[in-house]
$ cat upload05.txt   # compact mmCIF, C-alpha atoms and all ligand atoms
# COMPACT_ATOMS: atom_id res chain seq x y z
CA MET K 15 0.00 0.00 0.00
CA ASP K 16 1.27 3.50 -0.82
CA PRO K 17 2.35 5.66 2.12
CA LYS K 18 -0.04 8.26 3.51
CA TYR K 19 1.09 11.89 3.68
CA PRO K 20 -0.77 13.95 6.33
CA LYS K 21 -0.79 17.64 5.41
CA ASP K 22 -0.71 18.92 8.99
CA LEU K 23 -0.99 17.85 12.62
CA ASP K 24 -4.81 17.65 12.54
CA ASP K 25 -4.61 15.38 9.52
CA LEU K 26 -2.06 13.16 11.29
CA LYS K 27 -4.30 12.97 14.37
CA TYR K 28 -7.23 12.01 12.14
CA MET K 29 -5.18 9.17 10.60
CA VAL K 30 -4.05 7.92 14.01
CA ARG K 31 -7.64 7.88 15.33
CA LEU K 32 -8.90 6.19 12.17
CA ALA K 33 -6.22 3.51 12.53
CA ARG K 34 -6.98 3.12 16.23
CA ASN K 35 -10.72 2.74 15.67
CA ASN K 36 -10.24 0.17 12.93
CA GLY K 37 -7.43 -1.87 14.48
CA ILE K 38 -4.96 -0.87 11.75
CA LYS K 39 -1.23 -0.94 12.55
CA ILE K 40 0.69 2.14 11.44
CA CYS K 41 4.37 2.81 10.98
CA LEU K 42 6.01 6.20 10.48
CA VAL K 43 8.78 6.23 7.89
CA GLY K 44 11.64 8.72 7.73
CA ALA K 45 14.07 8.26 4.86
CA GLY K 46 13.10 4.57 4.99
CA LEU K 47 16.68 3.27 5.11
CA SER K 48 16.40 1.05 8.20
CA GLN K 49 16.31 -2.64 7.58
CA ASN K 50 12.82 -3.24 8.93
CA GLU K 51 10.09 -4.78 6.82
CA GLN K 52 7.19 -2.55 7.90
CA ASN K 53 9.04 0.47 6.42
CA LYS K 54 8.59 -0.92 2.95
CA GLY K 55 4.80 -1.08 2.89
CA THR K 56 4.90 -4.82 2.23
CA THR K 57 3.48 -5.88 5.60
CA ASP K 58 0.10 -5.28 7.24
CA PHE K 59 1.39 -1.92 8.55
CA VAL K 60 0.08 1.21 6.84
CA THR K 61 3.05 3.54 6.39
CA ILE K 62 2.82 7.28 7.08
CA LYS K 63 5.36 9.86 5.93
CA LEU K 64 5.42 13.34 7.48
CA ASP K 65 7.15 15.06 4.54
CA ARG K 66 4.33 17.55 3.99
CA MET K 67 4.74 18.77 7.58
CA ASN K 68 8.46 19.52 7.16
CA GLU K 69 9.64 22.73 8.81
CA VAL K 70 12.93 24.00 10.25
CA LYS K 71 13.39 26.87 12.70
CA ILE K 72 16.77 27.81 14.13
CA ASP K 73 16.82 29.34 17.63
CA ILE K 74 20.07 31.22 17.17
CA GLY K 75 20.37 32.36 20.80
CA ARG K 76 20.13 28.83 22.18
CA GLU K 77 21.81 27.24 19.14
CA VAL K 78 18.96 24.77 18.82
CA ALA K 79 17.08 23.56 15.75
CA ILE K 80 13.32 23.00 15.99
CA VAL K 81 12.35 20.51 13.31
CA THR K 82 8.93 19.26 12.33
CA GLY K 83 7.77 16.36 10.17
CA ASN K 84 10.20 14.30 8.20
CA THR K 85 12.96 16.89 7.83
CA LEU K 86 16.29 15.43 6.73
CA PHE K 87 19.59 16.38 8.35
CA ARG K 88 20.86 17.93 5.13
CA ASP K 89 17.85 20.28 4.93
CA MET K 90 18.11 21.34 8.57
CA GLU K 91 21.87 21.86 8.22
CA ALA K 92 21.46 24.04 5.10
CA GLU K 93 19.46 26.37 7.35
CA ALA K 94 21.75 26.05 10.42
CA ASN K 95 24.89 26.65 8.33
CA LEU K 96 23.58 30.14 7.48
CA TYR K 97 24.23 31.00 11.15
CA GLY K 98 27.53 29.12 11.38
CA LEU K 99 25.85 26.24 13.23
CA THR K 100 25.72 22.52 12.52
CA THR K 101 24.61 19.21 14.04
CA LYS K 102 26.31 17.79 17.13
CA VAL K 103 25.40 14.12 16.51
CA ARG K 104 24.22 12.38 13.38
CA GLN K 105 25.12 9.51 11.07
CA GLY K 106 27.88 10.06 8.54
CA SER K 107 25.48 11.29 5.86
CA GLY K 108 22.77 13.98 5.76
CA ILE K 109 20.28 11.79 3.85
CA PHE K 110 18.53 10.42 6.96
CA GLY K 111 15.44 11.78 8.68
CA ILE K 112 15.98 13.57 12.01
CA LEU K 113 12.96 12.28 13.95
CA SER K 114 13.47 8.77 12.57
CA SER K 115 17.12 8.91 13.65
CA ILE K 116 16.01 9.93 17.14
CA ALA K 117 13.61 6.96 17.07
CA THR K 118 16.70 4.84 16.32
CA ASN K 119 19.00 6.84 18.69
CA VAL K 120 21.83 6.88 16.18
CA HIS K 121 25.48 7.57 16.91
CA GLY K 122 27.93 9.52 14.79
CA TRP K 123 31.49 8.79 13.79
CA ASP K 124 32.83 11.07 16.49
CA LEU K 125 31.51 9.40 19.64
CA LYS K 126 32.39 12.11 22.17
CA ASP K 127 28.77 13.33 22.42
CA GLY K 128 27.30 9.83 22.48
CA CYS K 129 24.00 9.08 20.77
CA ILE K 130 21.64 11.67 19.32
CA GLY K 131 19.24 11.36 22.27
CA ASN K 132 21.81 13.27 24.37
CA THR K 133 21.26 16.35 22.20
CA VAL K 134 17.44 16.43 22.40
CA ASN K 135 15.83 19.05 24.69
CA TRP K 136 12.19 18.16 24.15
CA ILE K 137 9.90 16.10 21.95
CA ARG K 138 6.31 16.65 20.82
CA ALA K 139 4.62 13.35 20.08
CA LEU K 140 1.25 11.64 19.74
CA ASP K 141 0.13 8.57 21.63
CA SER K 142 -2.07 5.91 20.03
CA ASP K 143 -5.23 7.92 20.88
CA ALA K 144 -3.73 10.95 19.08
CA ASN K 145 -3.25 12.83 22.36
CA GLU K 146 -0.45 15.42 22.15
CA LEU K 147 2.47 14.92 24.53
CA PHE K 148 5.31 17.29 25.41
CA ILE K 149 8.21 15.18 26.63
CA ARG K 150 11.46 16.27 28.27
CA PRO K 151 14.53 14.09 28.91
CA GLU K 152 13.62 13.67 32.60
CA ASP K 153 10.19 12.19 31.71
CA SER K 154 9.90 8.40 31.65
CA LYS K 155 8.27 8.61 28.19
CA PHE K 156 11.49 10.08 26.76
CA LYS K 157 13.08 6.66 26.67
CA GLU K 158 9.98 5.32 24.97
CA CYS K 159 10.60 7.80 22.12
CA VAL K 160 14.39 7.84 21.83
CA GLY K 161 15.57 4.49 20.51
CA SER K 162 12.09 2.98 20.51
CA PHE K 163 11.81 2.58 16.70
CA GLY K 164 8.40 4.23 16.83
CA GLY K 165 6.97 1.40 18.91
CA SER K 166 5.31 3.63 21.52
CA TYR K 167 4.86 7.22 20.37
CA LEU K 168 4.80 9.09 17.06
CA MET K 169 7.12 12.07 17.18
CA PHE K 170 6.18 15.04 15.00
CA GLN K 171 8.43 17.83 16.33
CA VAL K 172 11.67 18.03 18.27
CA GLY K 173 13.93 20.76 19.65
C1 LIG R 201 24.44 3.71 4.59
C2 LIG R 201 23.99 3.72 6.04
C3 LIG R 201 24.83 4.29 7.00
C4 LIG R 201 24.46 4.29 8.33
N1 LIG R 201 25.30 4.86 9.26
C5 LIG R 201 24.92 4.89 10.56
C6 LIG R 201 25.77 5.52 11.56
O1 LIG R 201 26.83 6.05 11.26
N2 LIG R 201 25.32 5.52 12.85
C7 LIG R 201 24.13 4.96 13.21
O2 LIG R 201 23.77 4.99 14.40
N3 LIG R 201 23.32 4.36 12.29
C8 LIG R 201 23.71 4.31 10.99
N4 LIG R 201 22.87 3.71 10.07
C9 LIG R 201 21.57 3.24 10.51
C10 LIG R 201 20.57 4.38 10.27
O3 LIG R 201 21.05 5.55 10.85
C11 LIG R 201 19.26 4.10 10.91
O4 LIG R 201 18.74 2.96 10.29
C12 LIG R 201 18.29 5.29 10.77
O5 LIG R 201 17.11 5.02 11.48
C13 LIG R 201 17.92 5.53 9.36
O6 LIG R 201 17.19 6.73 9.26
P1 LIG R 201 15.90 6.74 8.37
O7 LIG R 201 15.47 8.18 8.23
O8 LIG R 201 16.10 5.98 7.13
O9 LIG R 201 14.89 5.98 9.35
P2 LIG R 201 13.65 5.02 8.98
O10 LIG R 201 14.17 3.72 8.48
O11 LIG R 201 12.70 5.73 8.08
O12 LIG R 201 12.97 4.87 10.42
C14 LIG R 201 13.68 4.30 11.49
C15 LIG R 201 12.71 3.86 12.60
O13 LIG R 201 12.11 5.00 13.18
C16 LIG R 201 10.68 4.92 13.14
N5 LIG R 201 10.19 6.28 12.92
C17 LIG R 201 10.35 7.01 11.79
N6 LIG R 201 9.85 8.25 11.97
C18 LIG R 201 9.37 8.29 13.23
C19 LIG R 201 8.72 9.29 14.00
N7 LIG R 201 8.46 10.52 13.50
N8 LIG R 201 8.33 9.00 15.27
C20 LIG R 201 8.57 7.76 15.79
N9 LIG R 201 9.19 6.76 15.10
C21 LIG R 201 9.57 7.04 13.85
C22 LIG R 201 10.37 3.98 11.99
O14 LIG R 201 9.10 3.38 12.15
C23 LIG R 201 11.53 3.00 12.08
O15 LIG R 201 11.27 2.01 13.06
C24 LIG R 201 23.22 3.71 8.73
C25 LIG R 201 22.36 3.16 7.76
C26 LIG R 201 22.74 3.15 6.42
C27 LIG R 201 21.79 2.55 5.40
$ encode --input "upload05.txt" --output "structure tokens"
Amino acid sequence: MDPKYPKDLDDLKYMVRLARNNGIKICLVGAGLSQNEQNKGTTDFVTIKLDRMNEVKIDIGREVAIVTGNTLFRDMEAEANLYGLTTKVRQGSGIFGILSSIATNVHGWDLKDGCIGNTVNWIRALDSDANELFIRPEDSKFKECVGSFGGSYLMFQVG
């Protein structure tokens, strides 16, 4: 089945509720480069891609990027580079999604900052009832987002 592309947060919530009410399993896909089967749309998971929600804001004072949707590292960095800023932790290439890489808790080649989860200040996510959550590193749900492979919560924005 072809992936679904919600146009905004309300649309995403609608899809989550629809899936919930009909017992349909959903899987968010970033760049789709992980080796899991449900990413490929060949299983009984319906895949959702957040590309239409992509947005990047750079908080120059705090040197933090606020990214929404399925923004790739290379797109966020093109914006951050304008202010002489770049990413602290990511895979070797900019082709991967940011939220999906947080869901995987990736590491970079330079390991001094550890995994990407160490650089996340907050996460906005949906639970399976489409309730909005604001999650900080000290919250127990943080660990259910970072490195969870999307198994618990659907992240749609991170700072
Ligand atoms: C050539 C290559 C080089 C790599 N190098 C590295 C490396 O240096 N370091 C490293 O740590 N890893 C590395 N990896 C692994 C790669 O970083 C991870 O597989 C990463 O998740 C891929 O990003 P993606 O955007 O393709 O994620 P996807 O495959 O699209 O998604 C990854 C997981 O996150 C879930 N997900 C996606 N979006 C969301 C969301 N918004 N909310 C919740 N869950 C979500 C998906 O359901 C899936 O389970 C490499 C992989 C390849 C193919």
$ closest_residue --input "upload05.txt" --among "K:Gly37, K:Pro17, K:Gly173, K:Gly131" --to "Arg76 in chain K" --atoms "all atoms listed in the file"
K:Gly173
$ atom_distance --input "upload05.txt" --atom1 "CA of Asn95 in chain K" --atom2 "CA of Ile74 in chain K"
11.1 Å
$ residues_near_ligand --input "upload05.txt" --ligand "ligand LIG 201 (chain R)" --cutoff "7 Å" --atoms "only C-alpha atoms and all ligand atoms" --output "ChimeraX atom specification"
/K:41-50,53,83-84,104-106,110-115,117-123,159,163-165,167-170
$ closest_residue --input "upload05.txt" --among "K:Asp124, K:Asp16, K:Glu91, K:Asp73" --to "Thr57 in chain K" --atoms "all atoms listed in the file"
K:Asp16
$ axis_aligned_box --input "upload05.txt" --around "range 107-124 of chain K" --padding-each-side "6 Å" --output "lines of an AutoDock Vina configuration file"
center_x = 22.9
center_y = 9.4
center_z = 11.3
size_x = 31.9
size_y = 21.1
size_z = 26.8
$ closest_residue --input "upload05.txt" --among "K:Phe156, K:Tyr28, K:Tyr19, K:Phe148" --to "Arg66 in chain K" --atoms "only C-alpha atoms"
K:Tyr19
$ atom_distance --input "upload05.txt" --atom1 "CA of Leu26 in chain K" --atom2 "CA of Val103 in chain K"
28.0 Å
$ atom_distance --input "upload05.txt" --atom1 "CA of Ile40 in chain K" --atom2 "CA of Arg138 in chain K"
18.2 Å
$ closest_residue --input "upload05.txt" --among "K:Ile38, K:Ile116, K:Leu147, K:Val78" --to "Asn135 in chain K" --atoms "only C-alpha atoms"
K:Val78
$ closest_residue --input "upload05.txt" --among "K:Leu32, K:Thr61, K:Glu51, K:Leu99" --to "Met15 in chain K" --atoms "only C-alpha atoms"
K:Thr61
$ closest_residue --input "upload05.txt" --among "K:Ile130, K:Ala33, K:Val172, K:Leu96" --to "Lys18 in chain K" --atoms "all atoms listed in the file"
K:Ala33
$ decode --input "upload05.txt" --residues "range 35-61 of chain K" --atoms "N, CA and C atoms" --output "PDB file, in the first residue's frame"
ATOM      1  N   ASN K  35      -9.329   3.202  15.655  1.00  0.00           N
ATOM      2  CA  ASN K  35     -10.724   2.737  15.675  1.00  0.00           C
ATOM      3  C   ASN K  35     -10.953   1.514  14.805  1.00  0.00           C
ATOM      4  N   ASN K  36     -10.055   1.296  13.852  1.00  0.00           N
ATOM      5  CA  ASN K  36     -10.237   0.174  12.925  1.00  0.00           C
ATOM      6  C   ASN K  36      -9.195  -0.930  13.108  1.00  0.00           C
ATOM      7  N   GLY K  37      -8.417  -0.826  14.177  1.00  0.00           N
ATOM      8  CA  GLY K  37      -7.427  -1.865  14.477  1.00  0.00           C
ATOM      9  C   GLY K  37      -6.340  -1.996  13.419  1.00  0.00           C
ATOM     10  N   ILE K  38      -5.988  -0.848  12.797  1.00  0.00           N
ATOM     11  CA  ILE K  38      -4.955  -0.871  11.748  1.00  0.00           C
ATOM     12  C   ILE K  38      -3.614  -0.489  12.359  1.00  0.00           C
ATOM     13  N   LYS K  39      -2.565  -1.245  12.031  1.00  0.00           N
ATOM     14  CA  LYS K  39      -1.228  -0.941  12.551  1.00  0.00           C
ATOM     15  C   LYS K  39      -0.581   0.100  11.641  1.00  0.00           C
ATOM     16  N   ILE K  40       0.029   1.121  12.251  1.00  0.00           N
ATOM     17  CA  ILE K  40       0.689   2.144  11.441  1.00  0.00           C
ATOM     18  C   ILE K  40       2.164   2.227  11.781  1.00  0.00           C
ATOM     19  N   CYS K  41       2.926   2.689  10.802  1.00  0.00           N
ATOM     20  CA  CYS K  41       4.367   2.812  10.982  1.00  0.00           C
ATOM     21  C   CYS K  41       4.813   4.106  10.314  1.00  0.00           C
ATOM     22  N   LEU K  42       5.448   4.990  11.089  1.00  0.00           N
ATOM     23  CA  LEU K  42       6.007   6.203  10.479  1.00  0.00           C
ATOM     24  C   LEU K  42       7.313   5.841   9.785  1.00  0.00           C
ATOM     25  N   VAL K  43       7.544   6.474   8.651  1.00  0.00           N
ATOM     26  CA  VAL K  43       8.776   6.232   7.887  1.00  0.00           C
ATOM     27  C   VAL K  43       9.500   7.549   7.686  1.00  0.00           C
ATOM     28  N   GLY K  44      10.814   7.536   7.988  1.00  0.00           N
ATOM     29  CA  GLY K  44      11.636   8.723   7.731  1.00  0.00           C
ATOM     30  C   GLY K  44      12.182   8.643   6.311  1.00  0.00           C
ATOM     31  N   ALA K  45      13.497   8.487   6.188  1.00  0.00           N
ATOM     32  CA  ALA K  45      14.072   8.260   4.856  1.00  0.00           C
ATOM     33  C   ALA K  45      13.843   6.815   4.404  1.00  0.00           C
ATOM     34  N   GLY K  46      13.443   5.957   5.336  1.00  0.00           N
ATOM     35  CA  GLY K  46      13.103   4.574   4.991  1.00  0.00           C
ATOM     36  C   GLY K  46      14.311   3.679   4.770  1.00  0.00           C
ATOM     37  N   LEU K  47      15.445   4.020   5.379  1.00  0.00           N
ATOM     38  CA  LEU K  47      16.681   3.268   5.112  1.00  0.00           C
ATOM     39  C   LEU K  47      17.005   2.212   6.160  1.00  0.00           C
ATOM     40  N   SER K  48      16.186   2.123   7.217  1.00  0.00           N
ATOM     41  CA  SER K  48      16.401   1.054   8.197  1.00  0.00           C
ATOM     42  C   SER K  48      16.002  -0.279   7.582  1.00  0.00           C
ATOM     43  N   GLN K  49      16.588  -1.323   8.147  1.00  0.00           N
ATOM     44  CA  GLN K  49      16.308  -2.641   7.576  1.00  0.00           C
ATOM     45  C   GLN K  49      15.125  -3.292   8.276  1.00  0.00           C
ATOM     46  N   ASN K  50      14.001  -2.576   8.360  1.00  0.00           N
ATOM     47  CA  ASN K  50      12.823  -3.235   8.926  1.00  0.00           C
ATOM     48  C   ASN K  50      11.773  -3.384   7.833  1.00  0.00           C
ATOM     49  N   GLU K  51      11.017  -4.441   7.910  1.00  0.00           N
ATOM     50  CA  GLU K  51      10.091  -4.777   6.825  1.00  0.00           C
ATOM     51  C   GLU K  51       8.910  -3.816   6.747  1.00  0.00           C
ATOM     52  N   GLN K  52       8.413  -3.364   7.936  1.00  0.00           N
ATOM     53  CA  GLN K  52       7.192  -2.554   7.898  1.00  0.00           C
ATOM     54  C   GLN K  52       7.415  -1.216   7.204  1.00  0.00           C
ATOM     55  N   ASN K  53       8.696  -0.767   7.127  1.00  0.00           N
ATOM     56  CA  ASN K  53       9.039   0.475   6.418  1.00  0.00           C
ATOM     57  C   ASN K  53       8.669   0.415   4.944  1.00  0.00           C
ATOM     58  N   LYS K  54       8.668  -0.782   4.401  1.00  0.00           N
ATOM     59  CA  LYS K  54       8.594  -0.918   2.945  1.00  0.00           C
ATOM     60  C   LYS K  54       7.165  -1.003   2.421  1.00  0.00           C
ATOM     61  N   GLY K  55       6.189  -1.019   3.332  1.00  0.00           N
ATOM     62  CA  GLY K  55       4.798  -1.082   2.886  1.00  0.00           C
ATOM     63  C   GLY K  55       4.408  -2.457   2.378  1.00  0.00           C
ATOM     64  N   THR K  56       5.199  -3.470   2.725  1.00  0.00           N
ATOM     65  CA  THR K  56       4.905  -4.816   2.232  1.00  0.00           C
ATOM     66  C   THR K  56       4.283  -5.689   3.318  1.00  0.00           C
ATOM     67  N   THR K  57       4.069  -5.113   4.500  1.00  0.00           N
ATOM     68  CA  THR K  57       3.483  -5.883   5.595  1.00  0.00           C
ATOM     69  C   THR K  57       2.062  -5.371   5.833  1.00  0.00           C
ATOM     70  N   ASP K  58       1.442  -5.783   6.948  1.00  0.00           N
ATOM     71  CA  ASP K  58       0.095  -5.280   7.237  1.00  0.00           C
ATOM     72  C   ASP K  58       0.129  -3.928   7.956  1.00  0.00           C
ATOM     73  N   PHE K  59       1.305  -3.277   8.031  1.00  0.00           N
ATOM     74  CA  PHE K  59       1.386  -1.915   8.549  1.00  0.00           C
ATOM     75  C   PHE K  59       1.039  -0.930   7.433  1.00  0.00           C
ATOM     76  N   VAL K  60       0.253   0.085   7.772  1.00  0.00           N
ATOM     77  CA  VAL K  60       0.084   1.206   6.840  1.00  0.00           C
ATOM     78  C   VAL K  60       1.187   2.212   7.157  1.00  0.00           C
ATOM     79  N   THR K  61       1.933   2.627   6.145  1.00  0.00           N
ATOM     80  CA  THR K  61       3.046   3.544   6.389  1.00  0.00           C
ATOM     81  C   THR K  61       2.585   4.991   6.233  1.00  0.00           C
TER      82      THR K  61
END
